[in-house]
$ cat data.pdb   # PDB, C-alpha atoms, pLDDT in the B column
ATOM      1  CA  MET A   1     137.657 268.001 266.728  1.00 50.00           C
ATOM      2  CA  SER A   2     134.868 265.483 267.434  1.00 55.00           C
ATOM      3  CA  ASN A   3     131.750 267.628 267.214  1.00 61.00           C
ATOM      4  CA  PRO A   4     130.799 267.495 263.499  1.00 58.00           C
ATOM      5  CA  VAL A   5     129.768 271.142 263.738  1.00 60.00           C
ATOM      6  CA  LEU A   6     133.373 272.073 264.565  1.00 57.00           C
ATOM      7  CA  GLN A   7     135.201 270.152 261.848  1.00 56.00           C
ATOM      8  CA  GLU A   8     138.019 271.902 260.011  1.00 52.00           C
ATOM      9  CA  ARG A   9     136.131 271.916 256.714  1.00 51.00           C
ATOM     10  CA  VAL A  10     133.278 273.761 258.418  1.00 53.00           C
ATOM     11  CA  LEU A  11     135.738 276.344 259.747  1.00 54.00           C
ATOM     12  CA  LYS A  12     137.901 276.468 256.627  1.00 50.00           C
ATOM     13  CA  SER A  13     137.057 280.107 255.967  1.00 47.00           C
ATOM     14  CA  THR A  14     138.349 281.085 259.389  1.00 51.00           C
ATOM     15  CA  SER A  15     141.245 283.479 259.663  1.00 48.00           C
ATOM     16  CA  PHE A  16     143.762 282.412 262.283  1.00 48.00           C
ATOM     17  CA  ASN A  17     145.330 285.819 262.670  1.00 51.00           C
ATOM     18  CA  SER A  18     144.960 287.669 265.936  1.00 49.00           C
ATOM     19  CA  LEU A  19     142.237 290.303 265.905  1.00 50.00           C
ATOM     20  CA  GLU A  20     141.596 293.416 267.920  1.00 52.00           C
ATOM     21  CA  ASN A  21     140.027 292.606 271.297  1.00 55.00           C
ATOM     22  CA  ASP A  22     136.848 294.544 270.592  1.00 63.00           C
ATOM     23  CA  SER A  23     136.171 292.643 267.365  1.00 78.00           C
ATOM     24  CA  SER A  24     137.352 289.145 268.207  1.00 86.00           C
ATOM     25  CA  MET A  25     135.585 286.165 269.732  1.00 89.00           C
ATOM     26  CA  THR A  26     135.914 285.753 273.499  1.00 91.00           C
ATOM     27  CA  ILE A  27     135.047 282.942 275.873  1.00 91.00           C
ATOM     28  CA  ASN A  28     132.780 285.188 277.936  1.00 92.00           C
ATOM     29  CA  GLY A  29     130.992 286.345 274.799  1.00 92.00           C
ATOM     30  CA  THR A  30     130.484 282.737 273.716  1.00 93.00           C
ATOM     31  CA  ILE A  31     129.058 281.835 277.117  1.00 93.00           C
ATOM     32  CA  ILE A  32     126.616 284.756 276.905  1.00 94.00           C
ATOM     33  CA  LYS A  33     125.523 283.773 273.396  1.00 95.00           C
ATOM     34  CA  THR A  34     125.063 280.150 274.484  1.00 95.00           C
ATOM     35  CA  CYS A  35     122.859 281.250 277.387  1.00 95.00           C
ATOM     36  CA  MET A  36     120.818 283.448 275.048  1.00 96.00           C
ATOM     37  CA  LEU A  37     120.286 280.535 272.676  1.00 96.00           C
ATOM     38  CA  GLY A  38     119.263 278.415 275.648  1.00 95.00           C
ATOM     39  CA  LEU A  39     116.655 281.022 276.567  1.00 96.00           C
ATOM     40  CA  PHE A  40     115.231 281.045 273.024  1.00 97.00           C
ATOM     41  CA  MET A  41     115.044 277.257 273.128  1.00 97.00           C
ATOM     42  CA  ALA A  42     113.352 277.280 276.538  1.00 96.00           C
ATOM     43  CA  LEU A  43     110.578 279.570 275.286  1.00 96.00           C
ATOM     44  CA  THR A  44     109.485 277.285 272.446  1.00 97.00           C
ATOM     45  CA  PHE A  45     110.133 274.219 274.597  1.00 96.00           C
ATOM     46  CA  ALA A  46     107.596 275.511 277.113  1.00 96.00           C
ATOM     47  CA  TYR A  47     105.068 276.195 274.365  1.00 96.00           C
ATOM     48  CA  THR A  48     105.026 272.709 272.812  1.00 96.00           C
ATOM     49  CA  TRP A  49     105.233 271.154 276.289  1.00 95.00           C
ATOM     50  CA  TYR A  50     102.074 273.066 277.222  1.00 95.00           C
ATOM     51  CA  LEU A  51     100.292 272.074 273.998  1.00 94.00           C
ATOM     52  CA  ALA A  52     101.081 268.386 274.476  1.00 91.00           C
ATOM     53  CA  LEU A  53      99.986 268.289 278.124  1.00 88.00           C
ATOM     54  CA  ALA A  54      96.908 270.455 277.486  1.00 90.00           C
ATOM     55  CA  GLY A  55      95.547 267.985 274.939  1.00 87.00           C
ATOM     56  CA  PHE A  56      96.454 269.816 271.733  1.00 92.00           C
ATOM     57  CA  ALA A  57      98.352 266.799 270.484  1.00 88.00           C
ATOM     58  CA  ASP A  58      97.857 267.463 266.770  1.00 91.00           C
ATOM     59  CA  LYS A  59      99.280 270.958 267.017  1.00 93.00           C
ATOM     60  CA  ALA A  60     102.151 269.783 269.219  1.00 93.00           C
ATOM     61  CA  ILE A  61     103.033 267.005 266.764  1.00 93.00           C
ATOM     62  CA  MET A  62     102.928 269.418 263.832  1.00 95.00           C
ATOM     63  CA  LEU A  63     105.186 271.925 265.583  1.00 95.00           C
ATOM     64  CA  GLY A  64     107.517 269.193 266.824  1.00 94.00           C
ATOM     65  CA  GLN A  65     107.938 267.697 263.367  1.00 93.00           C
ATOM     66  CA  GLY A  66     108.228 271.121 261.758  1.00 95.00           C
ATOM     67  CA  GLY A  67     110.853 272.127 264.312  1.00 94.00           C
ATOM     68  CA  THR A  68     112.856 268.972 263.589  1.00 94.00           C
ATOM     69  CA  ILE A  69     112.929 269.558 259.832  1.00 95.00           C
ATOM     70  CA  ALA A  70     113.532 273.302 260.057  1.00 95.00           C
ATOM     71  CA  GLY A  71     116.207 272.812 262.718  1.00 94.00           C
ATOM     72  CA  PHE A  72     118.069 270.312 260.542  1.00 94.00           C
ATOM     73  CA  ILE A  73     118.003 272.660 257.547  1.00 95.00           C
ATOM     74  CA  LEU A  74     119.160 275.603 259.651  1.00 95.00           C
ATOM     75  CA  ALA A  75     121.981 273.518 261.144  1.00 94.00           C
ATOM     76  CA  ILE A  76     123.272 272.717 257.660  1.00 94.00           C
ATOM     77  CA  VAL A  77     123.068 276.384 256.667  1.00 94.00           C
ATOM     78  CA  ILE A  78     124.835 277.532 259.835  1.00 94.00           C
ATOM     79  CA  CYS A  79     127.629 274.999 259.397  1.00 91.00           C
ATOM     80  CA  PHE A  80     128.434 275.656 255.771  1.00 90.00           C
ATOM     81  CA  ALA A  81     127.353 279.243 255.095  1.00 86.00           C
ATOM     82  CA  PRO A  82     129.834 282.106 255.631  1.00 84.00           C
ATOM     83  CA  LYS A  83     130.240 283.003 259.298  1.00 84.00           C
ATOM     84  CA  ASN A  84     128.953 286.561 259.357  1.00 84.00           C
ATOM     85  CA  LYS A  85     126.350 288.764 261.035  1.00 86.00           C
ATOM     86  CA  PHE A  86     123.515 286.562 259.728  1.00 91.00           C
ATOM     87  CA  LEU A  87     124.408 284.150 262.566  1.00 93.00           C
ATOM     88  CA  ILE A  88     122.577 286.497 264.918  1.00 93.00           C
ATOM     89  CA  LEU A  89     119.390 285.471 263.062  1.00 94.00           C
ATOM     90  CA  THR A  90     120.020 281.850 262.071  1.00 95.00           C
ATOM     91  CA  THR A  91     121.302 280.561 265.399  1.00 96.00           C
ATOM     92  CA  PRO A  92     118.340 281.828 267.493  1.00 96.00           C
ATOM     93  CA  LEU A  93     115.975 280.404 264.861  1.00 96.00           C
ATOM     94  CA  TYR A  94     117.749 277.065 265.183  1.00 97.00           C
ATOM     95  CA  ALA A  95     117.443 277.199 268.977  1.00 97.00           C
ATOM     96  CA  MET A  96     113.710 277.897 268.748  1.00 97.00           C
ATOM     97  CA  CYS A  97     113.219 274.998 266.323  1.00 96.00           C
ATOM     98  CA  GLU A  98     115.069 272.689 268.691  1.00 95.00           C
ATOM     99  CA  GLY A  99     112.849 273.914 271.513  1.00 96.00           C
ATOM    100  CA  LEU A 100     109.714 272.935 269.564  1.00 96.00           C
ATOM    101  CA  PHE A 101     111.120 269.446 269.028  1.00 95.00           C
ATOM    102  CA  LEU A 102     112.415 268.956 272.568  1.00 96.00           C
ATOM    103  CA  GLY A 103     109.269 270.303 274.221  1.00 95.00           C
ATOM    104  CA  PHE A 104     107.104 267.818 272.336  1.00 94.00           C
ATOM    105  CA  ILE A 105     109.217 264.690 272.882  1.00 95.00           C
ATOM    106  CA  SER A 106     109.847 265.629 276.517  1.00 96.00           C
ATOM    107  CA  ALA A 107     106.114 265.928 277.155  1.00 94.00           C
ATOM    108  CA  VAL A 108     105.492 262.562 275.464  1.00 93.00           C
ATOM    109  CA  PHE A 109     108.162 260.841 277.571  1.00 95.00           C
ATOM    110  CA  ASN A 110     106.963 262.590 280.713  1.00 94.00           C
ATOM    111  CA  MET A 111     103.365 261.475 280.223  1.00 92.00           C
ATOM    112  CA  ARG A 112     104.501 257.871 280.007  1.00 92.00           C
ATOM    113  CA  PHE A 113     107.194 258.128 282.688  1.00 93.00           C
ATOM    114  CA  PRO A 114     106.260 260.953 285.093  1.00 93.00           C
ATOM    115  CA  GLY A 115     109.194 263.085 286.175  1.00 93.00           C
ATOM    116  CA  VAL A 116     111.621 261.741 283.580  1.00 95.00           C
ATOM    117  CA  ALA A 117     111.941 265.070 281.720  1.00 95.00           C
ATOM    118  CA  SER A 118     112.945 267.049 284.810  1.00 95.00           C
ATOM    119  CA  GLN A 119     115.383 264.287 285.778  1.00 96.00           C
ATOM    120  CA  ALA A 120     116.938 264.417 282.317  1.00 96.00           C
ATOM    121  CA  ALA A 121     117.219 268.200 282.524  1.00 95.00           C
ATOM    122  CA  MET A 122     118.967 267.985 285.900  1.00 96.00           C
ATOM    123  CA  GLY A 123     121.232 265.237 284.613  1.00 96.00           C
ATOM    124  CA  THR A 124     122.181 267.389 281.634  1.00 96.00           C
ATOM    125  CA  ILE A 125     123.014 270.362 283.861  1.00 95.00           C
ATOM    126  CA  PHE A 126     125.132 268.224 286.190  1.00 95.00           C
ATOM    127  CA  ALA A 127     126.934 266.644 283.231  1.00 95.00           C
ATOM    128  CA  LEU A 128     127.580 270.057 281.668  1.00 94.00           C
ATOM    129  CA  PHE A 129     129.138 271.516 284.809  1.00 94.00           C
ATOM    130  CA  GLY A 130     130.899 268.247 285.588  1.00 95.00           C
ATOM    131  CA  MET A 131     132.601 268.213 282.177  1.00 95.00           C
ATOM    132  CA  PHE A 132     133.527 271.874 282.576  1.00 93.00           C
ATOM    133  CA  ILE A 133     135.189 271.163 285.936  1.00 94.00           C
ATOM    134  CA  LEU A 134     137.036 268.158 284.518  1.00 94.00           C
ATOM    135  CA  TYR A 135     138.289 270.316 281.648  1.00 93.00           C
ATOM    136  CA  LYS A 136     139.332 273.358 283.709  1.00 92.00           C
ATOM    137  CA  THR A 137     141.105 271.228 286.338  1.00 93.00           C
ATOM    138  CA  LYS A 138     142.751 269.210 283.532  1.00 91.00           C
ATOM    139  CA  LEU A 139     141.616 265.958 285.108  1.00 93.00           C
ATOM    140  CA  VAL A 140     140.640 265.126 281.527  1.00 92.00           C
ATOM    141  CA  LYS A 141     143.119 266.471 278.983  1.00 92.00           C
ATOM    142  CA  CYS A 142     141.910 267.164 275.467  1.00 93.00           C
ATOM    143  CA  THR A 143     144.851 265.609 273.630  1.00 93.00           C
ATOM    144  CA  ASP A 144     144.963 264.700 269.944  1.00 93.00           C
ATOM    145  CA  LYS A 145     144.389 261.063 270.875  1.00 95.00           C
ATOM    146  CA  PHE A 146     141.411 261.972 273.063  1.00 95.00           C
ATOM    147  CA  ARG A 147     139.830 264.008 270.278  1.00 94.00           C
ATOM    148  CA  MET A 148     140.356 261.193 267.780  1.00 95.00           C
ATOM    149  CA  VAL A 149     138.719 258.641 270.084  1.00 95.00           C
ATOM    150  CA  ILE A 150     135.723 260.884 270.677  1.00 95.00           C
ATOM    151  CA  PHE A 151     135.445 261.686 266.979  1.00 94.00           C
ATOM    152  CA  ASN A 152     135.473 258.010 265.981  1.00 95.00           C
ATOM    153  CA  SER A 153     132.987 257.152 268.730  1.00 95.00           C
ATOM    154  CA  THR A 154     130.642 259.944 267.652  1.00 95.00           C
ATOM    155  CA  LEU A 155     130.918 258.850 264.025  1.00 95.00           C
ATOM    156  CA  ALA A 156     130.128 255.239 264.959  1.00 95.00           C
ATOM    157  CA  LEU A 157     127.038 256.264 266.942  1.00 95.00           C
ATOM    158  CA  ALA A 158     125.876 258.487 264.079  1.00 94.00           C
ATOM    159  CA  GLY A 159     126.247 255.507 261.753  1.00 95.00           C
ATOM    160  CA  ILE A 160     124.125 253.333 264.034  1.00 94.00           C
ATOM    161  CA  TYR A 161     121.371 255.941 264.211  1.00 93.00           C
ATOM    162  CA  PHE A 162     121.470 256.451 260.443  1.00 93.00           C
ATOM    163  CA  LEU A 163     121.176 252.697 259.900  1.00 94.00           C
ATOM    164  CA  GLN A 164     118.193 252.601 262.276  1.00 92.00           C
ATOM    165  CA  ILE A 165     116.487 255.383 260.300  1.00 90.00           C
ATOM    166  CA  ILE A 166     116.928 253.376 257.094  1.00 93.00           C
ATOM    167  CA  LEU A 167     115.636 250.189 258.745  1.00 92.00           C
ATOM    168  CA  ASN A 168     112.592 252.053 260.066  1.00 90.00           C
ATOM    169  CA  LEU A 169     111.527 252.635 256.469  1.00 89.00           C
ATOM    170  CA  PHE A 170     111.128 248.856 256.163  1.00 90.00           C
ATOM    171  CA  HIS A 171     109.581 248.462 259.652  1.00 87.00           C
ATOM    172  CA  LEU A 172     112.760 246.856 260.962  1.00 88.00           C
ATOM    173  CA  SER A 173     115.024 247.653 263.902  1.00 89.00           C
ATOM    174  CA  ILE A 174     118.532 246.892 265.089  1.00 90.00           C
ATOM    175  CA  PRO A 175     118.094 244.127 267.709  1.00 89.00           C
ATOM    176  CA  GLN A 176     118.357 244.992 271.400  1.00 88.00           C
ATOM    177  CA  ILE A 177     120.130 248.351 271.437  1.00 91.00           C
ATOM    178  CA  PHE A 178     116.978 250.489 271.344  1.00 89.00           C
ATOM    179  CA  SER A 179     115.129 248.276 273.834  1.00 89.00           C
ATOM    180  CA  ASN A 180     115.140 248.394 277.637  1.00 90.00           C
ATOM    181  CA  SER A 181     117.286 245.254 277.779  1.00 91.00           C
ATOM    182  CA  PRO A 182     120.700 245.359 279.481  1.00 92.00           C
ATOM    183  CA  ILE A 183     122.252 245.760 276.017  1.00 94.00           C
ATOM    184  CA  GLY A 184     119.919 248.664 275.226  1.00 93.00           C
ATOM    185  CA  ILE A 185     120.679 250.353 278.544  1.00 95.00           C
ATOM    186  CA  GLY A 186     124.397 249.818 277.994  1.00 95.00           C
ATOM    187  CA  PHE A 187     124.126 251.418 274.556  1.00 96.00           C
ATOM    188  CA  SER A 188     122.373 254.462 276.042  1.00 96.00           C
ATOM    189  CA  VAL A 189     125.068 254.761 278.716  1.00 96.00           C
ATOM    190  CA  ILE A 190     127.728 254.773 275.990  1.00 96.00           C
ATOM    191  CA  CYS A 191     125.805 257.471 274.099  1.00 96.00           C
ATOM    192  CA  VAL A 192     125.565 259.642 277.219  1.00 96.00           C
ATOM    193  CA  VAL A 193     129.282 259.241 277.934  1.00 96.00           C
ATOM    194  CA  VAL A 194     130.316 260.068 274.357  1.00 96.00           C
ATOM    195  CA  ALA A 195     127.970 263.074 274.227  1.00 96.00           C
ATOM    196  CA  SER A 196     129.341 264.318 277.556  1.00 95.00           C
ATOM    197  CA  PHE A 197     132.977 264.013 276.484  1.00 96.00           C
ATOM    198  CA  ASN A 198     132.145 265.899 273.296  1.00 96.00           C
ATOM    199  CA  LEU A 199     131.690 268.887 275.598  1.00 95.00           C
ATOM    200  CA  ILE A 200     135.369 268.617 276.575  1.00 95.00           C
ATOM    201  CA  VAL A 201     136.302 268.914 272.914  1.00 95.00           C
ATOM    202  CA  ASP A 202     133.881 271.827 272.475  1.00 95.00           C
ATOM    203  CA  PHE A 203     135.424 273.698 275.413  1.00 94.00           C
ATOM    204  CA  TYR A 204     138.897 273.091 274.005  1.00 94.00           C
ATOM    205  CA  THR A 205     137.909 274.321 270.544  1.00 93.00           C
ATOM    206  CA  VAL A 206     136.311 277.500 271.886  1.00 93.00           C
ATOM    207  CA  GLU A 207     139.454 278.202 273.901  1.00 92.00           C
ATOM    208  CA  GLN A 208     141.688 277.610 270.872  1.00 91.00           C
ATOM    209  CA  PHE A 209     139.741 280.024 268.661  1.00 91.00           C
ATOM    210  CA  GLN A 210     139.539 282.778 271.280  1.00 89.00           C
ATOM    211  CA  GLY A 211     140.893 286.024 269.837  1.00 86.00           C
ATOM    212  CA  ARG A 212     141.581 284.457 266.440  1.00 85.00           C
ATOM    213  CA  VAL A 213     138.208 284.843 264.738  1.00 87.00           C
ATOM    214  CA  SER A 214     135.585 287.569 264.508  1.00 88.00           C
ATOM    215  CA  LYS A 215     132.982 288.195 267.183  1.00 90.00           C
ATOM    216  CA  ASP A 216     130.301 286.694 264.918  1.00 89.00           C
ATOM    217  CA  TYR A 217     131.771 283.301 265.774  1.00 92.00           C
ATOM    218  CA  GLU A 218     130.469 283.632 269.327  1.00 93.00           C
ATOM    219  CA  TRP A 219     127.042 282.784 267.891  1.00 94.00           C
ATOM    220  CA  PHE A 220     128.500 279.888 265.908  1.00 94.00           C
ATOM    221  CA  PHE A 221     130.309 278.346 268.861  1.00 95.00           C
ATOM    222  CA  GLY A 222     127.239 278.927 271.034  1.00 95.00           C
ATOM    223  CA  PHE A 223     125.281 276.989 268.420  1.00 95.00           C
ATOM    224  CA  SER A 224     127.840 274.168 268.424  1.00 94.00           C
ATOM    225  CA  LEU A 225     127.616 273.885 272.204  1.00 95.00           C
ATOM    226  CA  MET A 226     123.825 273.794 271.979  1.00 95.00           C
ATOM    227  CA  VAL A 227     124.023 270.909 269.481  1.00 95.00           C
ATOM    228  CA  THR A 228     126.058 268.857 271.968  1.00 96.00           C
ATOM    229  CA  ILE A 229     123.888 269.798 274.957  1.00 95.00           C
ATOM    230  CA  VAL A 230     120.671 268.907 273.112  1.00 95.00           C
ATOM    231  CA  TRP A 231     122.134 265.560 272.046  1.00 95.00           C
ATOM    232  CA  MET A 232     123.217 264.846 275.615  1.00 96.00           C
ATOM    233  CA  TYR A 233     119.756 265.722 276.971  1.00 97.00           C
ATOM    234  CA  VAL A 234     118.003 263.427 274.475  1.00 96.00           C
ATOM    235  CA  GLU A 235     120.348 260.550 275.306  1.00 96.00           C
ATOM    236  CA  ILE A 236     119.848 261.014 279.067  1.00 97.00           C
ATOM    237  CA  LEU A 237     116.079 261.190 278.511  1.00 96.00           C
ATOM    238  CA  GLN A 238     116.115 257.905 276.609  1.00 95.00           C
ATOM    239  CA  LEU A 239     118.351 256.238 279.202  1.00 96.00           C
ATOM    240  CA  LEU A 240     116.087 257.238 282.087  1.00 96.00           C
ATOM    241  CA  ALA A 241     113.001 256.121 280.154  1.00 95.00           C
ATOM    242  CA  LYS A 242     114.562 252.699 279.561  1.00 94.00           C
ATOM    243  CA  LEU A 243     115.418 252.360 283.237  1.00 93.00           C
ATOM    244  CA  GLN A 244     111.932 253.386 284.370  1.00 92.00           C
ATOM    245  CA  SER A 245     110.247 251.067 281.883  1.00 90.00           C
ATOM    246  CA  ARG A 246     112.018 248.102 283.501  1.00 81.00           C
ATOM    247  CA  ASN A 247     110.402 249.013 286.823  1.00 77.00           C
ATOM    248  CA  ASN A 248     106.846 249.143 285.441  1.00 66.00           C
TER     249      ASN A 248
END

$ encode --input "data.pdb" --output "structure tokens"
Amino acid sequence: MSNPVLQERVLKSTSFNSLENDSSMTINGTIIKTCMLGLFMALTFAYTWYLALAGFADKAIMLGQGGTIAGFILAIVICFAPKNKFLILTTPLYAMCEGLFLGFISAVFNMRFPGVASQAAMGTIFALFGMFILYKTKLVKCTDKFRMVIFNSTLALAGIYFLQIILNLFHLSIPQIFSNSPIGIGFSVICVVVASFNLIVDFYTVEQFQGRVSKDYEWFFGFSLMVTIVWMYVEILQLLAKLQSRNN
């Protein structure tokens, strides 16, 4: 499994025995829960987007930063806490926190590069359905080797971002890759590709756990899909911003 949310140690408390149909996780149920989380995220997204564009920058910044911190804490809790009925509370709260963060940064990017947020949203939707088609038609097979490559790639990108966070504390930056240079654009393309292929692994994992865990896991797997989709959206947003900045 490549998505860190879906690692075996996170799911170690899972029972792999078959459950009764009315109490077990289903693919349709997971899709519904994912859509519900997307709706929660859209509501807070719209709110911070409005605040930023309406001139309430201080409030938008506060909510965006608060959403980032609270979302990170909730993600840790969701990953490592027991998977029970509390997921019906923690996962929507996470989605709303992510919406606060995404609404703010999207508005900031959109003010500098008009239209980039809607383009990123469309790109994310196309990538999501494109990956789903590739998975269902088996044009891309989620083999052990595939999952290992995606896992290692995701881990490497996480390491780069973590290093950049540390360097930022000393007002330094990794050369080129976060700029709009060809190297920076290439790095963003790699990030988008890796994030997109993580969806293949997510789809595979959901399918493997169908009927083997309790229905509460529909919220957990919906959350894990949201993590990947949000990451993909942010990477597409940054890629488009880099491309537009070269034209200005």

$ resolve_selection --input "data.pdb" --expression "the PyMOL selection byres ((chain A and resi 119) around 12)" --output "list in words"
Ser106, Phe109, Asn110, Phe113, Pro114, Gly115, Val116, Ala117, Ser118, Ala120, Ala121, Met122, Gly123, Thr124, Ile125, Phe126, Tyr233, Val234, Ile236, Leu237, Gln238, Leu239, Leu240, Ala241 and Gln244 of chain A

$ closest_residue --input "data.pdb" --among "A:Ile150, A:Ala127, A:Leu100, A:Leu39" --to "A:Gln65" --atoms "all atoms listed in the file"
A:Leu100

$ closest_residue --input "data.pdb" --among "A:Ile177, A:Ile105, A:Leu172, A:Ala95" --to "A:Cys35" --atoms "all atoms listed in the file"
A:Ala95

$ residues_around --input "data.pdb" --residues "A:Tyr204" --least-positions-apart "5" --cutoff "12 Å" --atoms "all atoms listed in the file" --output "list in words"
Met1, Ser2, Asn3, Leu6, Ile27, Met131, Phe132, Leu134, Tyr135, Lys136, Lys138, Val140, Lys141, Cys142, Thr143, Asp144, Phe146, Arg147, Phe197, Asn198, Leu199, Phe209, Gln210, Phe221 and Leu225 of chain A

$ write_last_selection --input "data.pdb" --atoms "C-alpha atoms" --output "compact mmCIF listing (two decimals), in the frame of the given file"
# COMPACT_ATOMS: atom_id res chain seq x y z
CA MET A 1 137.66 268.00 266.73
CA SER A 2 134.87 265.48 267.43
CA ASN A 3 131.75 267.63 267.21
CA LEU A 6 133.37 272.07 264.56
CA ILE A 27 135.05 282.94 275.87
CA MET A 131 132.60 268.21 282.18
CA PHE A 132 133.53 271.87 282.58
CA LEU A 134 137.04 268.16 284.52
CA TYR A 135 138.29 270.32 281.65
CA LYS A 136 139.33 273.36 283.71
CA LYS A 138 142.75 269.21 283.53
CA VAL A 140 140.64 265.13 281.53
CA LYS A 141 143.12 266.47 278.98
CA CYS A 142 141.91 267.16 275.47
CA THR A 143 144.85 265.61 273.63
CA ASP A 144 144.96 264.70 269.94
CA PHE A 146 141.41 261.97 273.06
CA ARG A 147 139.83 264.01 270.28
CA PHE A 197 132.98 264.01 276.48
CA ASN A 198 132.15 265.90 273.30
CA LEU A 199 131.69 268.89 275.60
CA PHE A 209 139.74 280.02 268.66
CA GLN A 210 139.54 282.78 271.28
CA PHE A 221 130.31 278.35 268.86
CA LEU A 225 127.62 273.88 272.20

$ atom_distance --input "data.pdb" --atom1 "atom CA of A:Ser181" --atom2 "atom CA of A:Leu157"
18.3 Å

$ resolve_selection --input "data.pdb" --expression "the PyMOL selection byres ((chain A and resi 219) around 8)" --output "mmCIF file with C-alpha atoms, in the frame of the given file"
data_model
loop_
_atom_site.group_PDB
_atom_site.id
_atom_site.type_symbol
_atom_site.label_atom_id
_atom_site.label_comp_id
_atom_site.auth_asym_id
_atom_site.auth_seq_id
_atom_site.Cartn_x
_atom_site.Cartn_y
_atom_site.Cartn_z
ATOM 1 C CA THR A 30 130.484 282.737 273.716
ATOM 2 C CA LYS A 33 125.523 283.773 273.396
ATOM 3 C CA THR A 34 125.063 280.150 274.484
ATOM 4 C CA LEU A 87 124.408 284.150 262.566
ATOM 5 C CA ILE A 88 122.577 286.497 264.918
ATOM 6 C CA THR A 91 121.302 280.561 265.399
ATOM 7 C CA ASP A 216 130.301 286.694 264.918
ATOM 8 C CA TYR A 217 131.771 283.301 265.774
ATOM 9 C CA GLU A 218 130.469 283.632 269.327
ATOM 10 C CA PHE A 220 128.500 279.888 265.908
ATOM 11 C CA PHE A 221 130.309 278.346 268.861
ATOM 12 C CA GLY A 222 127.239 278.927 271.034
ATOM 13 C CA PHE A 223 125.281 276.989 268.420
#

$ build_atoms --input "data.pdb" --residues "stretch 108-119 of chain A" --atoms "N, CA, C and O atoms" --output "PDB file, keeping the file's coordinate frame"
ATOM      1  N   VAL A 108     105.913 263.934 275.757  1.00 93.00           N
ATOM      2  CA  VAL A 108     105.492 262.562 275.464  1.00 93.00           C
ATOM      3  C   VAL A 108     106.155 261.592 276.433  1.00 93.00           C
ATOM      4  O   VAL A 108     105.493 260.712 277.013  1.00 93.00           O
ATOM      5  N   PHE A 109     107.447 261.716 276.630  1.00 95.00           N
ATOM      6  CA  PHE A 109     108.162 260.841 277.571  1.00 95.00           C
ATOM      7  C   PHE A 109     107.646 261.038 278.984  1.00 95.00           C
ATOM      8  O   PHE A 109     107.493 260.078 279.745  1.00 95.00           O
ATOM      9  N   ASN A 110     107.373 262.293 279.347  1.00 94.00           N
ATOM     10  CA  ASN A 110     106.963 262.590 280.713  1.00 94.00           C
ATOM     11  C   ASN A 110     105.562 262.062 281.023  1.00 94.00           C
ATOM     12  O   ASN A 110     105.265 261.704 282.166  1.00 94.00           O
ATOM     13  N   MET A 111     104.702 262.024 280.007  1.00 92.00           N
ATOM     14  CA  MET A 111     103.365 261.475 280.223  1.00 92.00           C
ATOM     15  C   MET A 111     103.420 259.972 280.465  1.00 92.00           C
ATOM     16  O   MET A 111     102.641 259.425 281.231  1.00 92.00           O
ATOM     17  N   ARG A 112     104.358 259.319 279.828  1.00 92.00           N
ATOM     18  CA  ARG A 112     104.501 257.871 280.007  1.00 92.00           C
ATOM     19  C   ARG A 112     105.316 257.537 281.251  1.00 92.00           C
ATOM     20  O   ARG A 112     105.034 256.564 281.944  1.00 92.00           O
ATOM     21  N   PHE A 113     106.333 258.353 281.519  1.00 93.00           N
ATOM     22  CA  PHE A 113     107.194 258.128 282.688  1.00 93.00           C
ATOM     23  C   PHE A 113     107.267 259.437 283.477  1.00 93.00           C
ATOM     24  O   PHE A 113     108.160 260.252 283.230  1.00 93.00           O
ATOM     25  N   PRO A 114     106.327 259.673 284.376  1.00 93.00           N
ATOM     26  CA  PRO A 114     106.260 260.953 285.093  1.00 93.00           C
ATOM     27  C   PRO A 114     107.578 261.328 285.771  1.00 93.00           C
ATOM     28  O   PRO A 114     108.190 260.505 286.460  1.00 93.00           O
ATOM     29  N   GLY A 115     107.983 262.561 285.546  1.00 93.00           N
ATOM     30  CA  GLY A 115     109.194 263.085 286.175  1.00 93.00           C
ATOM     31  C   GLY A 115     110.467 262.867 285.386  1.00 93.00           C
ATOM     32  O   GLY A 115     111.520 263.419 285.728  1.00 93.00           O
ATOM     33  N   VAL A 116     110.388 262.087 284.292  1.00 95.00           N
ATOM     34  CA  VAL A 116     111.621 261.741 283.580  1.00 95.00           C
ATOM     35  C   VAL A 116     112.236 262.959 282.881  1.00 95.00           C
ATOM     36  O   VAL A 116     113.472 263.058 282.779  1.00 95.00           O
ATOM     37  N   ALA A 117     111.416 263.894 282.426  1.00 95.00           N
ATOM     38  CA  ALA A 117     111.941 265.070 281.720  1.00 95.00           C
ATOM     39  C   ALA A 117     112.745 265.967 282.660  1.00 95.00           C
ATOM     40  O   ALA A 117     113.837 266.439 282.302  1.00 95.00           O
ATOM     41  N   SER A 118     112.216 266.208 283.856  1.00 95.00           N
ATOM     42  CA  SER A 118     112.945 267.049 284.810  1.00 95.00           C
ATOM     43  C   SER A 118     114.227 266.358 285.270  1.00 95.00           C
ATOM     44  O   SER A 118     115.258 267.006 285.473  1.00 95.00           O
ATOM     45  N   GLN A 119     114.179 265.039 285.409  1.00 96.00           N
ATOM     46  CA  GLN A 119     115.383 264.287 285.778  1.00 96.00           C
ATOM     47  C   GLN A 119     116.439 264.380 284.683  1.00 96.00           C
ATOM     48  O   GLN A 119     117.629 264.542 284.964  1.00 96.00           O
TER      49      GLN A 119
END
